[in-house]
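Please read the structure below before turning to the comments.
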Amino acid sequence: MRGASSALPSLLLLLMALSSISIISASTKQEQVYIVYLGEHAGAKPEAAILEDHHTLLLSVKGSEEEARASLLYSYKHTLNGFAAILSPEEATKLSERSEVASAFRSKGRWAPHTTRSWHFLGMEEGLNKEEPHGGSEWLPSLDKSSGDVIVGILDSGIWPESRSFSDGGLGPVPARWKGVCQGGESFSSSSCNRKIIGARYYLKAYEAHYNGLNTTYAFRSPRDHDGHGTHTASTVAGRTVPGVAALGGFAAGTASGGAPLARLAVYKVCWPIPGPNPNIENTCFEADMLAAMDDAVGDGVDVMSVSIGSTGTPLGFADDGIALGALHAARRGVVVSCSGGNSGPKSATVSNLAPWMLTVGASSIDRSFDSPIKLGNGSVIMGQTVTPYQLAGDKPYPLVYASDAVVPGTPANVSNQCLPNSLWSEKVRGKIVVCLRGAGLRVEKGLEVKRAGGAAILLGNPPAFGSEVPVDAHVLPGTAVSATDAETIIGYINSSSSSSSSSSPTAVLDPSRTVVDVRPSPVMAQFSSRGPNVLEPNILKPDITAPGLNILAAWSEASSPTKLDGDHRVVQYNIMSGTSMSCPHVSATAVLVKAAHPDWSSAAIRSAIMTTATTSNAEGGPLMNGDGSVAGPMDYGSGHIRPKHALDPGLVYDASYQDYLLFACASAGAQLDASVPCPARPPPPYQLNHPSVAVHGLNGSVTVRRTVTNVGSCEARYTVTVAEPAGVSVRVSPRRLSFSRPGEKKTFRITMEAKARRGGGGRVARGQFLAGSYAWSDGAHVVRSPIVVLVA
């Protein structure tokens with residue numbers, strides 16, 4: 001760590017010493033960190049009384065008062081009722097059998113963290129700011145001083161407080177309702193907070209219980225961000241307007257701004273490096289730490305929570321999912337929770353963060369590229385994309401080699417073209433441009449391998465599944481990336497030249513890259529964005545929404561290089577990243593703007609406003625497409641692409657309560673999420689939740705779904721419905737007209753779906769496939785659209 005002290009504050013040393021008994025016990029008795037979830041707090045209790053209740057429960061399974069208190073890591077006291085403690089499997093089982101305990105589950109490290117143009121692009125999508133080349137703080141009329149009263153909590157890897165994106169110039173006093181703290185620590189003091197970053201905390205008890213401590217060579221024991229991810233997401237949500245910024249090499253130059261530049265930031269550091277050969281590359285986030293952060297965030301007074309974190313592997317059930325439980329109780333208190341959907345696309349059924357009470361965000365492109373012409377020796381010109389600041393010496397051809405033709409003996413054939421560490425044979429790549437394919441391993445590590453072996457540059461090609469979508473990187477050597485089709489063309493040229501009887505060898509010239517805007521069509525769904533269906537509950541559509549997540553520029557930690565590789569010592573203030581981690585804060589900022597305009601709306605109403613005003617068209621009026629050239633649908637983008645200005649005035653909203661969500665969980669998985677609220681014998685089916693989208697899994701015969709809308713317009717209104725039926729499914733909405741005489745009035749309607757009977761020799765209903773349609777209410781000024789997804793049994 002550059003310039004960072006490794007000394008630990010005496011208080012933290014004392015806390016570590018006090019917890020050493022439990023950590024040693026964990027290593028010798030196979031104990032682990034468990035979360036014991038008790039549901040909702042029964043009435044108002046002092047924090048000391050809640051803590052004592054948790055100690056009493058622990059004492060019921062521990063041998064002594066001392067052991068019970070030493071085992072407790074966190075007492076969740078603000079929103080949900082529960083605690084995290086070091087327990088044996090037998091002790092956890094005993095606690096789970098008690099009537100007051102809803103669930104007890106392991107806190108695992110299976111969670112990980114998943115601009116100058118993106119907000120301007122969103123404004124242009126809605127016909128705003130066409131004259132301003134770089135956007136600006138006035139791109140939405142709602143950005144007045146009222147948004148300065150909105151507080152957004154960032155659960156991530158911390159923050160780099162010195163970034164210009166977090167200056168507090170011109171901001172008024174911190175909102176009086178704020179109850180949070182600025183927690184000091186290594187290289188971070190109370191003076192690191194200001195009127196922009198109004199609070200900062202860090203959580204690592206579960207992390208340290210698992211890894212037996214923190215290596216401060218790779219992380220600050222404080223809210224300071226060593227990784228860069230948290231700084232990037234925070235500035236995308238609420239970074240101040242900063243002119244004259246760019247990525248390394250001057251790419252994406254312009255004025256940087258978050259979507260809600262006047263909103264206040266509260267930072268909750270929950271993600272830490274995974275010990276190993278290169279701990280800078282990947283972080284992990286333990287549920288017990290995240291749940292403590294979510295509990296504190298609500299108690300501190302945040303209005304919106306931005307969580308660019310998701311689980312890996314098989315999704316957890318709602319009762320065993322720390323983020324889902326934290327989000328449920330946050331939603332009860334009006335806090336909107338926005339989460340990334342994951343980066344495991346384009347494979348289906350990969351989306352994470354599946355609960356209906358949170359916003360789950362996919363990723364799409366903006367209208368910017370970084371064009372880098374590649375001139376092949378046969379005269380062909382291919383357009384790559386890159387933000388690497390390095391160029392090959394001289395405007396001359398360099399020899400080309402395909403990685404699979406230049407690997408060391410013993411390299412597995414299935415990865416021989418992927419430039420994995422120590423796979424390239426220096427004698428065959430020295431001084432050449434090496435063509436590598438994406439796949440296993442990190443993109444930037446492939447460039448590092450080419451450099452290690454003496455290659456002159458890298459051409460990084462997409463595999464077929466990623467089509468024309470090209471994430472860009474600041475490689476450690478000259479290079480560019482190309483689409484799947486162009487990669488095939490380059491490899492074909494190499495093969496034809498190598499097999500030709502002529503003496504010519506394959507060559508290429510890499511021209512300098514430049515930033516290009518107004519690229520069409522846009523947006524396009526990112527192929528890496530995780531897709532539906534919802535594997536936990538297919539009667540709820542996920543993801544909910546898509547937002548810009550490909551090649552997004554935002555603030556960065558100066559303790560982290562642009563590639564995060566050990567061998568990369570470059571320092572940047574702004575960096576380009578891709579992922580649903582980047583799209584999630586765009587939706588979080590939109591929620592901030594809606595909250596500022598409608599402070600009395602519930603979290604469900606705000607979520608509904610964002611979803612029902614989304615668009616399924618690109619900027620040219622055509623359908624949203626996937627990166628492989630196919631037409632996208634609800635399994636890719638949910639309700640569509642965000643339109644923040646439209647979300648401020650949705651016309652109608654679908655509201656839902658805490659009790660509605662408890663009933664949904666009962667019906668979905670038989671999960672009783674609140675020990676004080678037993679599940680009814682026959683809860684309504686999951687698709688009856690008053691959700692802004694409709695999904696029916698296993699349609700057999702006909703199904704009638706009920707929905708209730710609330711008029712949030714300024715006066716009386718009359719709405720008429722239009723329906724786009726899924727292929728082979730009839731959809732009838734009754735009544736077809738809704739009349740409202742005042743704001744706040746509610747109306748209920750029915751949607752009846754039935755698989756169409758086969759007629760004659762054709763028209764067979766597609767069984768076993770998800771069929772997509774939609775319905776929309778309109779009063780002439782508003783269009784309130786909801787997707788319909790049906791799987792016919």
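Numbering starts fresh at 1 for the residues of each chain in the structure tokens, the chains themselves are lettered A, B, ... in the order given, and ligands are numbered from 1 as they appear.
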
Practice item. Can you check which residues of segment 556-639 of chain A DSSP gives as strand (DSSP E) on the backbone and send them as number ranges by chain? Key: A: 574-577, 625-626

Can I get the selected residues back with N, CA, C and O atoms, as a short mmCIF file (atom, residue, chain, number, x, y, z; two decimals), in the first residue's frame?
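Done, and the output landed in out.cif:
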```
data_model
loop_
_atom_site.label_atom_id
_atom_site.label_comp_id
_atom_site.auth_asym_id
_atom_site.auth_seq_id
_atom_site.Cartn_x
_atom_site.Cartn_y
_atom_site.Cartn_z
N TYR A 574 -9.73 9.10 -12.48
CA TYR A 574 -10.98 8.63 -13.10
C TYR A 574 -10.65 7.42 -13.96
O TYR A 574 -9.58 7.34 -14.56
N ASN A 575 -11.57 6.47 -14.00
CA ASN A 575 -11.30 5.21 -14.69
C ASN A 575 -12.56 4.71 -15.37
O ASN A 575 -13.68 5.03 -14.95
N ILE A 576 -12.39 3.93 -16.42
CA ILE A 576 -13.51 3.36 -17.16
C ILE A 576 -13.71 1.91 -16.72
O ILE A 576 -12.77 1.12 -16.70
N MET A 577 -14.94 1.58 -16.35
CA MET A 577 -15.30 0.24 -15.90
C MET A 577 -16.59 -0.20 -16.56
O MET A 577 -17.41 0.64 -16.97
N MET A 625 -31.82 -4.01 -28.64
CA MET A 625 -31.16 -5.20 -29.16
C MET A 625 -30.16 -5.72 -28.14
O MET A 625 -29.71 -5.01 -27.24
N ASN A 626 -29.78 -6.99 -28.30
CA ASN A 626 -28.69 -7.57 -27.54
C ASN A 626 -27.38 -7.37 -28.29
O ASN A 626 -27.37 -7.09 -29.49
#
```

Review point. As a list in words, which residues of segment 555-626 of chain A does DSSP assign to helix (DSSP H, G or I)?
Key: Thr580, Ser581, Met582, Ser583, Cys584, Pro585, His586, Val587, Ser588, Ala589, Thr590, Ala591, Val592, Leu593, Val594, Lys595, Ala596, Ala597, Ser603, Ala604, Ala605, Ile606, Arg607, Ser608, Ala609, Ile610, Met611 and Thr612 of chain A

Check your understanding: Could you work out how far atom CA of Arg195 of chain A lies from atom CA of Leu171 of chain A, giving the answer in Å with one decimal?
Key -> 6.5 Å

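The shell of residues at most 8 Å from Ala209 of chain A, with only C-alpha atoms counted and near chain neighbours (fewer than 2 positions) removed, consists of Ile23, Ala26, Gln32, Val33, Lys205, Ala206, Tyr207, Tyr211, Asn212 and Gly213 of chain A.
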
Practice item. Find the residues around Lys747 of chain A up to 8 Å (only C-alpha atoms counted), leave out those fewer than 4 positions away in its own chain, and share them as a ChimeraX atom specification. Key: /A:708-710,738,740

Next, dump the selected residues to file, keeping only N, CA and C atoms, as a tab-separated table (two decimals), in the first residue's frame.
```tsv
chain	number	residue	atom	x	y	z
A	708	THR	N	-53.56	-3.43	-8.52
A	708	THR	CA	-54.16	-2.19	-8.05
A	708	THR	C	-53.21	-1.04	-8.35
A	709	VAL	N	-53.71	0.02	-8.96
A	709	VAL	CA	-52.90	1.20	-9.25
A	709	VAL	C	-53.40	2.38	-8.44
A	710	THR	N	-52.48	3.26	-8.12
A	710	THR	CA	-52.79	4.48	-7.38
A	710	THR	C	-52.52	5.68	-8.27
A	738	LEU	N	-60.15	3.06	-16.59
A	738	LEU	CA	-60.10	3.42	-15.17
A	738	LEU	C	-60.26	4.93	-15.05
A	740	PHE	N	-60.29	8.22	-12.38
A	740	PHE	CA	-59.86	8.70	-11.08
A	740	PHE	C	-60.35	10.12	-10.88
```

Check your understanding: In Å to one decimal, how far is atom CA of Asp544 of chain A from atom CA of Asn700 of chain A?
Key -> 25.3 Å

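Taking atom CA of Phe528 of chain A as the reference point, atom CA of Pro346 of chain A is found at 5.7 Å.
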
Who sits within 8 Å of Phe251 of chain A, only C-alpha atoms, same chain under 6 positions skipped, as a compact mmCIF listing (two decimals) with all heavy atoms, in the first residue's frame:
```txt
# COMPACT_ATOMS: atom_id res chain seq x y z
N PHE A 370 -14.66 3.97 -28.54
CA PHE A 370 -13.27 4.39 -28.55
C PHE A 370 -12.58 3.70 -29.73
O PHE A 370 -11.92 2.67 -29.57
CB PHE A 370 -12.60 4.05 -27.21
CG PHE A 370 -13.33 4.62 -26.03
CD1 PHE A 370 -14.29 3.88 -25.36
CD2 PHE A 370 -13.09 5.92 -25.61
CE1 PHE A 370 -14.97 4.41 -24.28
CE2 PHE A 370 -13.78 6.46 -24.53
CZ PHE A 370 -14.72 5.71 -23.87
N VAL A 387 -8.85 1.93 -24.78
CA VAL A 387 -8.48 3.15 -24.06
C VAL A 387 -7.07 3.00 -23.50
O VAL A 387 -6.70 3.68 -22.54
CB VAL A 387 -9.48 3.47 -22.92
CG1 VAL A 387 -10.82 3.90 -23.48
CG2 VAL A 387 -9.64 2.29 -21.95
N ARG A 514 -9.49 7.02 -30.83
CA ARG A 514 -10.13 8.31 -30.55
C ARG A 514 -11.52 8.05 -29.99
O ARG A 514 -12.15 7.02 -30.27
CB ARG A 514 -10.21 9.17 -31.81
CG ARG A 514 -11.08 8.60 -32.90
CD ARG A 514 -10.95 9.38 -34.20
NE ARG A 514 -11.84 8.86 -35.24
CZ ARG A 514 -13.06 9.34 -35.49
NH1 ARG A 514 -13.52 10.35 -34.77
NH2 ARG A 514 -13.81 8.82 -36.44
N THR A 515 -12.01 9.01 -29.20
CA THR A 515 -13.34 8.92 -28.60
C THR A 515 -14.38 9.38 -29.60
O THR A 515 -14.27 10.46 -30.19
CB THR A 515 -13.42 9.79 -27.34
OG1 THR A 515 -12.39 9.39 -26.42
CG2 THR A 515 -14.77 9.65 -26.67
```

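Minimum atom-to-atom distances from A:Leu448, A:Ala319, A:Leu510, A:Ala44 to His475 of chain A were compared using only C-alpha atoms, and the lowest value belongs to A:Leu448.
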
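Of the residues listed (A:Val723, A:Val237, A:Ala526, A:Ile86), A:Ile86 shows the shortest atom-to-atom separation from Glu31 of chain A; distances use only C-alpha atoms.
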
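Using only C-alpha atoms, the contacts of Pro585 of chain A at a cut-off of 9 Å, with sequence neighbours closer than 6 positions omitted, comprise Ile154, Thr233, Ala234, Ser235, Thr236, Val237, Ala238, Gly258, Gly259, Ser306, Val307, Ser308, Ser338, Cys339, Ser340 and Ala547 of chain A.
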
Could you dump the residues just selected with N, CA, C and O atoms as a JSON list (two decimals), in the first residue's frame?
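Everything below was put into again_22.json:
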```
[["chain", "number", "residue", "atom", "x", "y", "z"],
["A", 154, "ILE", "N", -24.07, 3.97, 0.19],
["A", 154, "ILE", "CA", -23.31, 3.15, -0.76],
["A", 154, "ILE", "C", -22.68, 1.99, 0.00],
["A", 154, "ILE", "O", -21.81, 2.20, 0.84],
["A", 233, "THR", "N", -18.67, 3.70, -8.01],
["A", 233, "THR", "CA", -20.14, 3.64, -7.89],
["A", 233, "THR", "C", -20.69, 4.86, -7.17],
["A", 233, "THR", "O", -21.74, 5.40, -7.55],
["A", 234, "ALA", "N", -19.99, 5.33, -6.14],
["A", 234, "ALA", "CA", -20.47, 6.50, -5.39],
["A", 234, "ALA", "C", -20.52, 7.74, -6.27],
["A", 234, "ALA", "O", -21.48, 8.52, -6.22],
["A", 235, "SER", "N", -19.49, 7.94, -7.10],
["A", 235, "SER", "CA", -19.47, 9.13, -7.95],
["A", 235, "SER", "C", -20.48, 9.03, -9.08],
["A", 235, "SER", "O", -20.99, 10.04, -9.56],
["A", 236, "THR", "N", -20.82, 7.82, -9.50],
["A", 236, "THR", "CA", -21.85, 7.65, -10.53],
["A", 236, "THR", "C", -23.22, 8.03, -9.99],
["A", 236, "THR", "O", -24.04, 8.62, -10.69],
["A", 237, "VAL", "N", -23.48, 7.70, -8.74],
["A", 237, "VAL", "CA", -24.75, 8.09, -8.12],
["A", 237, "VAL", "C", -24.81, 9.59, -7.89],
["A", 237, "VAL", "O", -25.75, 10.27, -8.33],
["A", 238, "ALA", "N", -23.82, 10.12, -7.19],
["A", 238, "ALA", "CA", -23.98, 11.47, -6.64],
["A", 238, "ALA", "C", -22.72, 12.32, -6.74],
["A", 238, "ALA", "O", -22.56, 13.27, -5.98],
["A", 258, "GLY", "N", -22.35, 12.91, -11.41],
["A", 258, "GLY", "CA", -23.26, 11.84, -11.03],
["A", 258, "GLY", "C", -24.68, 12.21, -11.42],
["A", 258, "GLY", "O", -24.97, 13.34, -11.82],
["A", 259, "GLY", "N", -25.57, 11.26, -11.29],
["A", 259, "GLY", "CA", -26.96, 11.52, -11.66],
["A", 259, "GLY", "C", -27.67, 12.45, -10.70],
["A", 259, "GLY", "O", -28.60, 13.15, -11.08],
["A", 306, "SER", "N", -27.62, 1.94, -2.46],
["A", 306, "SER", "CA", -27.07, 1.45, -3.72],
["A", 306, "SER", "C", -26.12, 0.30, -3.41],
["A", 306, "SER", "O", -25.11, 0.50, -2.73],
["A", 307, "VAL", "N", -26.44, -0.89, -3.93],
["A", 307, "VAL", "CA", -25.71, -2.12, -3.57],
["A", 307, "VAL", "C", -25.26, -2.81, -4.86],
["A", 307, "VAL", "O", -26.00, -3.62, -5.42],
["A", 308, "SER", "N", -24.07, -2.47, -5.32],
["A", 308, "SER", "CA", -23.52, -3.11, -6.53],
["A", 308, "SER", "C", -22.79, -4.38, -6.14],
["A", 308, "SER", "O", -21.60, -4.56, -6.39],
["A", 338, "SER", "N", -31.44, -0.50, -4.42],
["A", 338, "SER", "CA", -31.11, -0.82, -5.82],
["A", 338, "SER", "C", -29.90, -1.73, -5.84],
["A", 338, "SER", "O", -28.89, -1.44, -5.18],
["A", 339, "CYS", "N", -29.99, -2.85, -6.57],
["A", 339, "CYS", "CA", -28.93, -3.86, -6.58],
["A", 339, "CYS", "C", -28.54, -4.24, -8.01],
["A", 339, "CYS", "O", -29.39, -4.25, -8.91],
["A", 340, "SER", "N", -27.29, -4.59, -8.20],
["A", 340, "SER", "CA", -26.84, -5.06, -9.50],
["A", 340, "SER", "C", -27.35, -6.48, -9.74],
["A", 340, "SER", "O", -27.48, -7.28, -8.81],
["A", 547, "ALA", "N", -29.83, -0.12, -17.33],
["A", 547, "ALA", "CA", -29.26, 1.23, -17.31],
["A", 547, "ALA", "C", -27.83, 1.15, -17.83],
["A", 547, "ALA", "O", -27.27, 0.06, -17.97]]
```

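With only C-alpha atoms taken into account, the protein and nucleic acid residues at most 10 Å from Lys179 of chain A (excluding it and anything under 2 positions from it in its own chain) are Pro175, Ala176, Arg177, Val181, Ile198, Gly199, Asp296, Ala297, Val298, Gly299, Asp300, Gly301 and Val302 of chain A.
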
Review point. Which of these residues is nearest to Ser222 of chain A, using only C-alpha atoms: A:Lys269, A:Arg531, A:Lys347, A:Arg164?
Key: A:Lys269

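If you measure from each of A:Thr613, A:Ser163, A:Ser483, A:Thr217 to Ser192 of chain A using only C-alpha atoms, the closest one turns out to be A:Ser163.
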
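For the residues A:Ser529, A:Asn551, A:Ser730, A:Ser557, ranking by smallest atom-to-atom distance to Thr386 of chain A using only C-alpha atoms places A:Asn551 first.
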
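Restricting the calculation to only C-alpha atoms, the smallest distance between Ile274 of chain A and any of A:Asn215, A:Ser60, A:Ser778, A:Asn353 is found for A:Asn215.
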
Report as CSV: every residue of segment 583-652 of chain A with an atom at most 12 Å from segment 774-777 of chain A, its closest pair of atoms, and their distance in Å to one decimal, counting only C-alpha atoms, with rows sorted by chain and ascending residue number.
```
residue,atom,partner,partner_atom,distance
A:Thr612,CA,A:Ala776,CA,8.7
A:Thr613,CA,A:Ala776,CA,10.2
A:Ala614,CA,A:Ala776,CA,11.7
A:Thr615,CA,A:Ala776,CA,11.9
A:Thr616,CA,A:Ser774,CA,10.8
A:Gly633,CA,A:Ser774,CA,10.9
A:Pro634,CA,A:Ser774,CA,9.7
A:Gly638,CA,A:Ser774,CA,11.3
A:Ser639,CA,A:Ser774,CA,9.4
A:Gly640,CA,A:Ser774,CA,11.5
A:Pro650,CA,A:Trp777,CA,10.7
A:Gly651,CA,A:Trp777,CA,9.4
A:Leu652,CA,A:Trp777,CA,8.6
```
